[in-house]
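A.B. asks: The structure's right below; bear with me while I get my questions together.
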Amino acid sequence: MWLNQLPTLVNLSLWDATSNRNVRCVCGAVGTDAHIFSGACPRIRGLKTALHNAVGHIIRQTLVKRNMVSWSFVSESDTHAPEWLAGVDWKEKIPFVSEEEPDGRVRRVQHYKPDLIVADCLSPQRSVVYLVDFTFVRDDLIREAECHKIVIYQSMCEVIIQALGPGDHVVEVVPVAVGRSGVPPPEWANVCQKLKMLGSPMSIWDKVMTCLMQQNMHMFKCWQKHNGLA
Ligand SMILES: [Zn+2]
């Protein structure tokens, strides 16, 4: 568990208990490893998004690789569901919900933008659609984070099923919750198979993990700089 062994403000004070060190980050919060890597620290918040996008890019590459395409439709990152899939004015059918931000503010949001949407429209009566969303969480919260993703995108699944019309359609949320220190989701091999990822689950995970480690290190170094520690 190398992340919680880094010289955070809290660790530095634990390691030298006589020094009476300040354990508060420049932003005012307690400087734990969780404060840094959860993206809660406003000074480095953008880096959490960068990590998310970098991993998203790796996963998308396993679905569309040179001239091999696993699905008849793979969304671009950061785009919405197309109307031919979700129907006209579909966004209006997704309810607003209240959610608490890491800093305690409550925000009203509509969950209609998963990280990736893949679809195979095999026939008018049979479409397979997966809403893929990834997140980085404390290693012991992987399962909980997966359940959360399934719940928040449920309304979007229902809107798509309705738009597809009668038939034997599969519309599901595929959550990819990654432990902060690189722990893979328990069902990683199944996720790879379900999404028809090109490459072995091991080799894909290797890439995800390398990216995660690099981004984590970058986050930590930037955070150190903001706190005058490097
Ligand atoms: Zn901070």
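By convention here, the chains of the structure tokens are called A, B, ... in the order presented, each chain's residues are numbered starting at 1, and ligands are numbered starting at 1 in the order presented.
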Please identify every residue of chain A that has at least one atom no farther than 7 Å from an atom of ligand 1, counting only C-alpha atoms and all ligand atoms, and for each give the shortest atom pair and the distance in Å to one decimal, arranged by chain then increasing number, as a Markdown table.
C.D. replies:
| residue | atom | partner | partner_atom_place_in_ligand_line | distance |
| --- | --- | --- | --- | --- |
| A:Cys25 | CA | ligand 1 | 1 (Zn) | 4.6 |
| A:Val26 | CA | ligand 1 | 1 (Zn) | 5.7 |
| A:Cys27 | CA | ligand 1 | 1 (Zn) | 4.3 |
| A:Gly28 | CA | ligand 1 | 1 (Zn) | 6.4 |
| A:Ala29 | CA | ligand 1 | 1 (Zn) | 5.6 |
| A:Gly31 | CA | ligand 1 | 1 (Zn) | 6.5 |
| A:His35 | CA | ligand 1 | 1 (Zn) | 6.6 |
| A:Ile36 | CA | ligand 1 | 1 (Zn) | 6.8 |
| A:Cys41 | CA | ligand 1 | 1 (Zn) | 3.8 |
| A:Pro42 | CA | ligand 1 | 1 (Zn) | 6.0 |
| A:Arg43 | CA | ligand 1 | 1 (Zn) | 6.0 |
A.B. asks: For the selection just defined, write its residues with C-alpha atoms to a file, as a PDB file, in the first residue's frame.
C.D. replies:
ATOM      1  CA  CYS A  25      -2.781  21.398   3.581  1.00  0.00           C
ATOM      2  CA  VAL A  26      -2.620  24.886   2.047  1.00  0.00           C
ATOM      3  CA  CYS A  27      -6.295  24.467   1.211  1.00  0.00           C
ATOM      4  CA  GLY A  28      -7.107  24.077   4.917  1.00  0.00           C
ATOM      5  CA  ALA A  29      -8.009  20.378   4.971  1.00  0.00           C
ATOM      6  CA  GLY A  31      -3.200  16.530   4.545  1.00  0.00           C
ATOM      7  CA  HIS A  35      -7.097  14.112   0.606  1.00  0.00           C
ATOM      8  CA  ILE A  36      -4.616  14.052  -2.275  1.00  0.00           C
ATOM      9  CA  CYS A  41      -7.779  18.966  -2.667  1.00  0.00           C
ATOM     10  CA  PRO A  42      -8.859  21.938  -4.812  1.00  0.00           C
ATOM     11  CA  ARG A  43      -5.210  22.704  -5.632  1.00  0.00           C
TER      12      ARG A  43
END
A.B. asks: Pick out each residue of region 12-140 of chain A that DSSP on the backbone tags as strand (DSSP E); I need them as a ChimeraX atom specification.
C.D. replies: /A:64-65,68-69,73-74,96-100,106-110,116-123,126-137
A.B. asks: Between A:Asn11, A:Asp103, A:Val109, A:Asp139, which is the closest to Lys91 (chain A) once you count only C-alpha atoms?
C.D. replies: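 Selected residue with least distance to Lys91 (chain A): A:Val109.
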A.B. asks: Show which residues sit within 12 Å of Met213 (chain A), as a PDB file with N, CA and C atoms, in the first residue's frame. Count only C-alpha atoms, and ignore same-chain residues fewer than 4 positions away.
C.D. replies:
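As written to disk, around_7.pdb reads:
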ATOM      1  N   TRP A   2       1.577   1.467  -1.091  1.00  0.00           N
ATOM      2  CA  TRP A   2       2.565   2.538  -1.103  1.00  0.00           C
ATOM      3  C   TRP A   2       1.964   3.932  -0.985  1.00  0.00           C
ATOM      4  N   LEU A   3       0.691   4.100  -1.391  1.00  0.00           N
ATOM      5  CA  LEU A   3       0.113   5.445  -1.366  1.00  0.00           C
ATOM      6  C   LEU A   3       0.040   6.029   0.033  1.00  0.00           C
ATOM      7  N   PHE A  37      -5.293  11.898  -3.152  1.00  0.00           N
ATOM      8  CA  PHE A  37      -5.633  10.982  -4.249  1.00  0.00           C
ATOM      9  C   PHE A  37      -7.126  10.871  -4.542  1.00  0.00           C
ATOM     10  N   LEU A  51      -6.348  12.023 -14.817  1.00  0.00           N
ATOM     11  CA  LEU A  51      -6.180  10.584 -14.577  1.00  0.00           C
ATOM     12  C   LEU A  51      -7.363   9.822 -15.177  1.00  0.00           C
ATOM     13  N   ALA A  54      -7.132   9.778 -18.917  1.00  0.00           N
ATOM     14  CA  ALA A  54      -6.039   8.939 -19.416  1.00  0.00           C
ATOM     15  C   ALA A  54      -6.448   7.464 -19.395  1.00  0.00           C
ATOM     16  N   VAL A  55      -7.089   7.040 -18.320  1.00  0.00           N
ATOM     17  CA  VAL A  55      -7.525   5.642 -18.241  1.00  0.00           C
ATOM     18  C   VAL A  55      -8.660   5.394 -19.234  1.00  0.00           C
ATOM     19  N   GLY A 179      -9.328   0.435  -7.778  1.00  0.00           N
ATOM     20  CA  GLY A 179      -8.763   0.814  -6.482  1.00  0.00           C
ATOM     21  C   GLY A 179      -7.641   1.819  -6.687  1.00  0.00           C
ATOM     22  N   ARG A 180      -7.531   2.776  -5.770  1.00  0.00           N
ATOM     23  CA  ARG A 180      -6.566   3.862  -5.945  1.00  0.00           C
ATOM     24  C   ARG A 180      -5.132   3.381  -6.086  1.00  0.00           C
ATOM     25  N   SER A 181      -4.813   2.258  -5.441  1.00  0.00           N
ATOM     26  CA  SER A 181      -3.431   1.793  -5.534  1.00  0.00           C
ATOM     27  C   SER A 181      -3.266   0.759  -6.641  1.00  0.00           C
ATOM     28  N   GLY A 182      -4.274   0.632  -7.507  1.00  0.00           N
ATOM     29  CA  GLY A 182      -4.124  -0.242  -8.659  1.00  0.00           C
ATOM     30  C   GLY A 182      -4.818  -1.587  -8.534  1.00  0.00           C
ATOM     31  N   VAL A 183      -5.702  -1.717  -7.556  1.00  0.00           N
ATOM     32  CA  VAL A 183      -6.441  -2.974  -7.378  1.00  0.00           C
ATOM     33  C   VAL A 183      -7.490  -3.088  -8.489  1.00  0.00           C
ATOM     34  N   ASP A 206      -2.346  -4.185 -17.047  1.00  0.00           N
ATOM     35  CA  ASP A 206      -0.979  -3.679 -16.932  1.00  0.00           C
ATOM     36  C   ASP A 206      -0.878  -2.231 -17.397  1.00  0.00           C
ATOM     37  N   LYS A 207      -1.524  -1.944 -18.527  1.00  0.00           N
ATOM     38  CA  LYS A 207      -1.490  -0.583 -19.079  1.00  0.00           C
ATOM     39  C   LYS A 207      -2.234   0.387 -18.163  1.00  0.00           C
ATOM     40  N   VAL A 208      -3.403  -0.065 -17.685  1.00  0.00           N
ATOM     41  CA  VAL A 208      -4.200   0.786 -16.790  1.00  0.00           C
ATOM     42  C   VAL A 208      -3.387   1.114 -15.539  1.00  0.00           C
ATOM     43  N   MET A 209      -2.731   0.080 -15.005  1.00  0.00           N
ATOM     44  CA  MET A 209      -2.001   0.254 -13.764  1.00  0.00           C
ATOM     45  C   MET A 209      -0.790   1.172 -13.941  1.00  0.00           C
ATOM     46  N   MET A 217       1.710   9.580  -9.120  1.00  0.00           N
ATOM     47  CA  MET A 217       2.992  10.181  -8.748  1.00  0.00           C
ATOM     48  C   MET A 217       2.995  11.659  -9.133  1.00  0.00           C
ATOM     49  N   HIS A 218       2.447  11.944 -10.303  1.00  0.00           N
ATOM     50  CA  HIS A 218       2.372  13.315 -10.769  1.00  0.00           C
ATOM     51  C   HIS A 218       1.491  14.155  -9.825  1.00  0.00           C
ATOM     52  N   MET A 219       0.352  13.575  -9.426  1.00  0.00           N
ATOM     53  CA  MET A 219      -0.545  14.255  -8.484  1.00  0.00           C
ATOM     54  C   MET A 219       0.191  14.563  -7.184  1.00  0.00           C
ATOM     55  N   PHE A 220       0.927  13.571  -6.699  1.00  0.00           N
ATOM     56  CA  PHE A 220       1.615  13.760  -5.422  1.00  0.00           C
ATOM     57  C   PHE A 220       2.669  14.852  -5.519  1.00  0.00           C
TER      58      PHE A 220
END
A.B. asks: Excluding region 145-147 of chain A and any residue of its chain fewer than 6 positions from it, enumerate the residues within 8 Å of it, using only C-alpha atoms, and give them as a PyMOL selection string.
C.D. replies: chain A and resi 135+137+175-177
A.B. asks: List every residue of region 171-227 of chain A that has an atom at most 10 Å from any atom of region 62-82 of chain A, and for each one report the closest atom pair and its distance in Å to one decimal, counting only C-alpha atoms, with rows sorted by chain and then by increasing residue number, as JSON lines.
C.D. replies:
{"residue": "A:Cys192", "atom": "CA", "partner": "A:Thr62", "partner_atom": "CA", "distance": 9.1}
{"residue": "A:Leu195", "atom": "CA", "partner": "A:Leu63", "partner_atom": "CA", "distance": 7.6}
{"residue": "A:Lys196", "atom": "CA", "partner": "A:Ser70", "partner_atom": "CA", "distance": 6.1}
{"residue": "A:Met197", "atom": "CA", "partner": "A:Thr62", "partner_atom": "CA", "distance": 5.0}
{"residue": "A:Leu198", "atom": "CA", "partner": "A:Thr62", "partner_atom": "CA", "distance": 5.0}
{"residue": "A:Gly199", "atom": "CA", "partner": "A:Thr62", "partner_atom": "CA", "distance": 7.1}
{"residue": "A:Ser200", "atom": "CA", "partner": "A:Thr62", "partner_atom": "CA", "distance": 9.9}
{"residue": "A:Ile204", "atom": "CA", "partner": "A:Thr62", "partner_atom": "CA", "distance": 7.8}
A.B. asks: Where does DSSP see helix (DSSP H, G or I) in region 45-132 of chain A, if you list the residues as a PyMOL selection string?
C.D. replies: chain A and resi 45-61+83-86+90-93
A.B. asks: To one decimal place in Å, what is the distance between CA of Ala230 (chain A) and CA of Ala50 (chain A)?
C.D. replies: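 These atoms are spaced 21.5 Å apart.
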A.B. asks: Provide the CA of Asp33 (chain A) to CA of Ser13 (chain A) distance in Å, to one decimal place.
C.D. replies: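 One can read the CA of Asp33 (chain A) to CA of Ser13 (chain A) distance as 13.1 Å.
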A.B. asks: A:Gln154, A:Thr32, A:Ser19, A:Gly39: which is nearest Pro7 (chain A), counting only C-alpha atoms?
C.D. replies: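 Of A:Gln154, A:Thr32, A:Ser19, A:Gly39, the one nearest Pro7 (chain A), counting only C-alpha atoms, is A:Thr32.
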A.B. asks: Neighbouring residues of Ser123 (chain A) were defined as those with any atom within 10 Å, considering only C-alpha atoms; residues of the same chain fewer than 6 positions away were excluded. Please report them as number ranges by chain.
C.D. replies: A: 167-169
A.B. asks: Can you tell me which residues surround Val132 (chain A) at a distance of at most 8 Å, considering only C-alpha atoms, apart from same-chain residues fewer than 4 positions away, and format the answer as a list in words?
C.D. replies: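 The contact residues come out as Pro114, Asp115, Leu116, Ile117, Val118, Val173, Val174, Pro175 and Val176 of chain A.
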